[in-house]
Amino acid sequence: SIIIRTSVAMATYNGAEYVVEQLESIRTQSMPVDEVIIHDDRSTDDTVAIVEKYIREHGLERTWKVSQNPKNLGYAANFIGAVKETEGEYIFFCDQDDIWVPDRVEVMVGQMEEHPGILLLCSEFESFVSSPDAPSVPTWEQKQFRRDHSLEHLPYEAHNLFINCQGCSMCIRRKFWQEVENRWYPNWAHDEFVWKLALCRDGLYVYHGVTLRRRLHSNNVTMHKMRDLPERVRFLEDLKKSHEATLVFAESLSMSERDCRLLHRNIRATQLRIELLRDRKVWNTLPLLFGYADCYHSRKSIPVELMMAIRG
């Protein structure tokens with residue numbers, strides 16, 4: 001029988017244009033991966049046929065598996081489904097359109113084996129553009145990059161409640177996944193889910209080295225800004241729900257009253273933001289500005305959301 005140490009969970013959807021480059025970068029890793037689980041979310045192009053052909057041509061049928069969902073699940077549920085099927089000690093999240101650097105697996109597994117406290121390890125990336133209308137990497141994210149190959153532990157603090165890395169850079173430890181997998185609910189973004197719960201478990205780390213090349217193009221799911229008011233409200237409703245689920249997890253761990261209060265404050269702040277936008281309660285801006293400013297990922301959102309509420 002094959003001993004599975006490293007697993008890759010890949011979600012695909014209409015990725016025919018770029019997926020082979022990603023598959024090739026996984027297959028040719030300096031530390032070979034033991035298992036690749038690919039879930040396709042009802043692509044309408046040739047993604048599945050292309051992946052099947054790649055697996056067949058390289059004789060990977062024993063360890064690489066591709067399946068198509070019976071119905072479209074959305075990207076979060078598609079990812080979670082792939083992760084649930086993995087068996088490895090280290091589980092790498094993988095998008096369909098990036099390119100892994102040749103030693104990504106070797107470096108990240110090395111870090112996790114050297115530091116058993118790591119439950120979720122993120123990394124830096126370098127970006128490249130594949131279409132003229134591609135979104136740009138946010139400035140705040142680029143400022144965090146050190147490129148010095150250091151390992152940073154992210155403590156349980158207000159600014160770390162907001163996911164600060166790309167899900168495609170993540171690797172999680174199986175024992176952590178087994179602890180939290182039943183905490184996931186439909187539509188909770190898979191990367192935010194593991195980020196928040198790893199933060200509560202004091203196992204959230206960032207490796208400050210480039211382990212992948214992030215492709216930027218018009219179809220990037222997570223990188224477009226939310227200037228549409230109903231879309232912004234939906235985002236905040238989802239954020240509040242995830243804060244509430246994280247609080248339930250924190251309480252199950254008997255985290256301190258101070259730590260739980262941080263989540264209560266963020267839940268309250270998010271509710272005030274929802275009412276500001278949905279119900280035009282512009283006076284909510286005052287308590288948000290003077291009492292909950294630390295409950296924003298970026299304080300620039302305060303005047304932005306006020307203007308959105310005024311304009312309707």
# chains A, B, ... in the order shown; residues from 1 in each chain; ligands from 1

$ select_by_dssp --residues "region 107-220 of chain A" --states "strand (DSSP E)" --output "list in words"
Leu120, Leu121, Cys122, Ser123, Glu124, Phe125, Glu126, Ser127, Phe128, Val129, Leu151, Glu152, His153, Cys171, Ile172, Arg173, Leu204, Tyr205, Val206, Tyr207, His208, Gly209, Val210, Thr211, Leu212, Arg213, Arg214, Arg215 and Leu216 of chain A

$ residues_around --residues "Trp64 (chain A)" --least-positions-apart "3" --cutoff "6 Å" --atoms "only C-alpha atoms" --output "NGL selection string"
:A and (35-36 or 60-61)

$ write_last_selection --atoms "N, CA, C and O atoms" --output "CSV table (one decimal), in the first residue's frame"
chain,number,residue,atom,x,y,z
A,35,GLU,N,-0.5,12.3,-3.7
A,35,GLU,CA,-1.9,12.2,-4.0
A,35,GLU,C,-2.4,13.5,-4.5
A,35,GLU,O,-2.1,14.5,-4.0
A,36,VAL,N,-3.2,13.5,-5.6
A,36,VAL,CA,-3.8,14.7,-6.2
A,36,VAL,C,-5.3,14.4,-6.3
A,36,VAL,O,-5.7,13.4,-7.1
A,60,LEU,N,-0.6,8.4,-14.2
A,60,LEU,CA,-0.8,8.8,-12.8
A,60,LEU,C,-2.2,8.3,-12.2
A,60,LEU,O,-2.6,8.7,-11.1
A,61,GLU,N,-2.7,7.3,-12.9
A,61,GLU,CA,-4.1,6.8,-12.5
A,61,GLU,C,-4.2,6.3,-11.1
A,61,GLU,O,-5.3,6.4,-10.4

$ residues_around --residues "Ala9 (chain A)" --least-positions-apart "2" --cutoff "8 Å" --atoms "only C-alpha atoms" --output "PyMOL selection string"
chain A and resi 7+11+36-39+79+82-83+86+91-94

$ write_last_selection --atoms "C-alpha atoms" --output "CSV table (one decimal), in the first residue's frame"
chain,number,residue,atom,x,y,z
A,7,SER,CA,-2.1,15.5,-0.8
A,11,ALA,CA,-10.9,22.7,-7.4
A,36,VAL,CA,-3.8,14.7,-6.2
A,37,ILE,CA,-7.6,15.0,-5.7
A,38,ILE,CA,-9.3,17.1,-8.3
A,39,HIS,CA,-13.0,18.0,-8.1
A,79,PHE,CA,-12.8,22.8,-2.4
A,82,ALA,CA,-11.9,17.7,-2.6
A,83,VAL,CA,-10.2,18.2,0.8
A,86,THR,CA,-7.7,13.5,0.7
A,91,ILE,CA,-3.0,18.9,2.5
A,92,PHE,CA,-2.2,21.6,-0.1
A,93,PHE,CA,-5.0,23.8,-1.4
A,94,CYS,CA,-4.6,24.3,-5.1

$ select_by_dssp --residues "region 195-305 of chain A" --states "helix (DSSP H, G or I)" --output "JSON, numbers by chain"
{"A": [195, 196, 197, 198, 199, 200, 229, 230, 231, 232, 233, 234, 235, 236, 237, 238, 239, 240, 241, 242, 243, 244, 245, 246, 247, 248, 249, 250, 251, 252, 257, 258, 259, 260, 261, 262, 263, 264, 265, 266, 267, 268, 269, 270, 271, 272, 273, 274, 275, 276, 277, 278, 282, 283, 284, 285, 286, 287, 288, 289, 290, 291, 293, 294, 295, 301, 302, 303, 304, 305]}

$ atom_distance --atom1 "CA of Ile310 (chain A)" --atom2 "CA of His264 (chain A)"
27.4 Å

$ atom_distance --atom1 "CA of Arg42 (chain A)" --atom2 "CA of Asn69 (chain A)"
6.1 Å

$ residues_around --residues "region 290-302 of chain A" --least-positions-apart "4" --cutoff "9 Å" --atoms "only C-alpha atoms" --output "list in words"
Trp140, Ala158, His159, Asn160, Leu161, Phe162, Ile163, Leu262, Arg265, Asn266, Ile267, Arg268, Ala269, Thr270, Arg273, Thr285, Leu286, Leu306 and Met307 of chain A

$ closest_residue --among "A:Cys200, A:Leu120, A:Leu277, A:Ile55" --to "His243 (chain A)" --atoms "only C-alpha atoms"
A:Cys200

$ residues_around --residues "Lys196 (chain A)" --least-positions-apart "2" --cutoff "12 Å" --atoms "only C-alpha atoms" --output "JSON, numbers by chain"
{"A": [119, 120, 154, 155, 156, 157, 158, 159, 160, 161, 162, 163, 164, 165, 180, 183, 184, 188, 189, 190, 191, 192, 193, 194, 198, 199, 200, 201, 202, 203, 204, 205, 239, 242, 243, 244, 245, 246, 247, 248, 249, 250, 263]}

$ write_last_selection --atoms "C-alpha atoms" --output "PDB file, in the first residue's frame"
ATOM      1  CA  LEU A 119      -1.629  23.818  11.811  1.00  0.00           C
ATOM      2  CA  LEU A 120      -2.083  26.084   8.786  1.00  0.00           C
ATOM      3  CA  LEU A 154       0.269  35.113  13.656  1.00  0.00           C
ATOM      4  CA  PRO A 155      -1.152  35.638  17.156  1.00  0.00           C
ATOM      5  CA  TYR A 156      -4.818  35.909  18.080  1.00  0.00           C
ATOM      6  CA  GLU A 157      -5.278  39.661  17.603  1.00  0.00           C
ATOM      7  CA  ALA A 158      -7.916  41.893  16.017  1.00  0.00           C
ATOM      8  CA  HIS A 159      -6.105  42.528  12.727  1.00  0.00           C
ATOM      9  CA  ASN A 160      -5.477  38.799  12.223  1.00  0.00           C
ATOM     10  CA  LEU A 161      -9.194  37.930  12.290  1.00  0.00           C
ATOM     11  CA  PHE A 162      -9.310  38.954   8.623  1.00  0.00           C
ATOM     12  CA  ILE A 163      -7.740  36.535   6.188  1.00  0.00           C
ATOM     13  CA  ASN A 164      -4.429  37.985   5.028  1.00  0.00           C
ATOM     14  CA  CYS A 165      -3.246  35.503   2.426  1.00  0.00           C
ATOM     15  CA  VAL A 180     -12.494  21.312  12.354  1.00  0.00           C
ATOM     16  CA  ARG A 183     -17.441  23.078  11.695  1.00  0.00           C
ATOM     17  CA  TRP A 184     -17.713  24.087   8.038  1.00  0.00           C
ATOM     18  CA  TRP A 188     -18.189  29.631   4.131  1.00  0.00           C
ATOM     19  CA  ALA A 189     -15.105  30.308   2.012  1.00  0.00           C
ATOM     20  CA  HIS A 190     -12.781  27.341   2.559  1.00  0.00           C
ATOM     21  CA  ASP A 191      -9.694  29.505   3.090  1.00  0.00           C
ATOM     22  CA  GLU A 192     -11.332  31.897   5.561  1.00  0.00           C
ATOM     23  CA  PHE A 193     -12.747  28.872   7.408  1.00  0.00           C
ATOM     24  CA  VAL A 194      -9.379  27.257   8.093  1.00  0.00           C
ATOM     25  CA  ALA A 198      -6.311  27.907  13.010  1.00  0.00           C
ATOM     26  CA  LEU A 199      -6.027  31.375  14.557  1.00  0.00           C
ATOM     27  CA  CYS A 200      -8.196  30.225  17.482  1.00  0.00           C
ATOM     28  CA  ARG A 201      -6.010  27.135  17.864  1.00  0.00           C
ATOM     29  CA  ASP A 202      -2.846  29.264  17.867  1.00  0.00           C
ATOM     30  CA  GLY A 203      -1.495  27.381  14.864  1.00  0.00           C
ATOM     31  CA  LEU A 204      -1.531  30.033  12.110  1.00  0.00           C
ATOM     32  CA  TYR A 205       1.796  30.708  10.379  1.00  0.00           C
ATOM     33  CA  LEU A 239     -18.644  37.841   7.408  1.00  0.00           C
ATOM     34  CA  SER A 242     -18.339  33.388   9.964  1.00  0.00           C
ATOM     35  CA  HIS A 243     -17.500  35.490  13.044  1.00  0.00           C
ATOM     36  CA  GLU A 244     -20.400  33.819  14.863  1.00  0.00           C
ATOM     37  CA  ALA A 245     -19.244  30.331  13.872  1.00  0.00           C
ATOM     38  CA  THR A 246     -15.702  31.197  14.960  1.00  0.00           C
ATOM     39  CA  LEU A 247     -17.039  32.363  18.326  1.00  0.00           C
ATOM     40  CA  VAL A 248     -18.788  29.019  18.827  1.00  0.00           C
ATOM     41  CA  PHE A 249     -15.477  27.268  18.103  1.00  0.00           C
ATOM     42  CA  ALA A 250     -13.578  29.612  20.435  1.00  0.00           C
ATOM     43  CA  LEU A 263     -15.264  38.174  18.354  1.00  0.00           C
TER      44      LEU A 263
END

$ residues_around --residues "Asn72 (chain A)" --least-positions-apart "5" --cutoff "9 Å" --atoms "only C-alpha atoms" --output "MDAnalysis selection string"
chainID A and resid 40:43 78

$ write_last_selection --atoms "all heavy atoms" --output "PDB file, in the first residue's frame"
ATOM      1  N   ASP A  40     -14.175  18.773 -10.072  1.00  0.00           N
ATOM      2  CA  ASP A  40     -14.628  19.740 -11.073  1.00  0.00           C
ATOM      3  C   ASP A  40     -16.089  20.095 -10.816  1.00  0.00           C
ATOM      4  O   ASP A  40     -16.927  19.225 -10.586  1.00  0.00           O
ATOM      5  CB  ASP A  40     -14.486  19.164 -12.485  1.00  0.00           C
ATOM      6  CG  ASP A  40     -14.873  20.180 -13.536  1.00  0.00           C
ATOM      7  OD1 ASP A  40     -14.041  21.052 -13.854  1.00  0.00           O
ATOM      8  OD2 ASP A  40     -16.031  20.128 -14.008  1.00  0.00           O
ATOM      9  N   ASP A  41     -16.396  21.401 -10.889  1.00  0.00           N
ATOM     10  CA  ASP A  41     -17.721  21.892 -10.517  1.00  0.00           C
ATOM     11  C   ASP A  41     -18.612  22.109 -11.735  1.00  0.00           C
ATOM     12  O   ASP A  41     -19.128  23.206 -11.950  1.00  0.00           O
ATOM     13  CB  ASP A  41     -17.591  23.179  -9.707  1.00  0.00           C
ATOM     14  CG  ASP A  41     -18.783  23.425  -8.799  1.00  0.00           C
ATOM     15  OD1 ASP A  41     -19.491  22.443  -8.475  1.00  0.00           O
ATOM     16  OD2 ASP A  41     -18.999  24.581  -8.392  1.00  0.00           O
ATOM     17  N   ARG A  42     -18.742  21.044 -12.541  1.00  0.00           N
ATOM     18  CA  ARG A  42     -19.592  21.066 -13.734  1.00  0.00           C
ATOM     19  C   ARG A  42     -19.098  22.055 -14.787  1.00  0.00           C
ATOM     20  O   ARG A  42     -19.860  22.897 -15.301  1.00  0.00           O
ATOM     21  CB  ARG A  42     -21.053  21.393 -13.381  1.00  0.00           C
ATOM     22  CG  ARG A  42     -21.693  20.506 -12.331  1.00  0.00           C
ATOM     23  CD  ARG A  42     -21.761  19.053 -12.721  1.00  0.00           C
ATOM     24  NE  ARG A  42     -22.588  18.831 -13.912  1.00  0.00           N
ATOM     25  CZ  ARG A  42     -22.780  17.634 -14.466  1.00  0.00           C
ATOM     26  NH1 ARG A  42     -22.163  16.571 -13.961  1.00  0.00           N
ATOM     27  NH2 ARG A  42     -23.531  17.498 -15.523  1.00  0.00           N
ATOM     28  N   SER A  43     -17.830  21.972 -15.130  1.00  0.00           N
ATOM     29  CA  SER A  43     -17.284  22.831 -16.183  1.00  0.00           C
ATOM     30  C   SER A  43     -18.062  22.642 -17.474  1.00  0.00           C
ATOM     31  O   SER A  43     -18.505  21.538 -17.802  1.00  0.00           O
ATOM     32  CB  SER A  43     -15.807  22.489 -16.429  1.00  0.00           C
ATOM     33  OG  SER A  43     -15.009  22.902 -15.354  1.00  0.00           O
ATOM     34  N   ASN A  78     -16.931  23.052  -3.432  1.00  0.00           N
ATOM     35  CA  ASN A  78     -16.112  22.228  -4.326  1.00  0.00           C
ATOM     36  C   ASN A  78     -14.753  21.937  -3.697  1.00  0.00           C
ATOM     37  O   ASN A  78     -14.265  20.802  -3.708  1.00  0.00           O
ATOM     38  CB  ASN A  78     -15.951  22.944  -5.671  1.00  0.00           C
ATOM     39  CG  ASN A  78     -15.386  22.034  -6.752  1.00  0.00           C
ATOM     40  OD1 ASN A  78     -15.594  20.829  -6.736  1.00  0.00           O
ATOM     41  ND2 ASN A  78     -14.678  22.619  -7.693  1.00  0.00           N
TER      42      ASN A  78
END

$ atom_distance --atom1 "CA of Pro32 (chain A)" --atom2 "CA of Tyr75 (chain A)"
26.3 Å
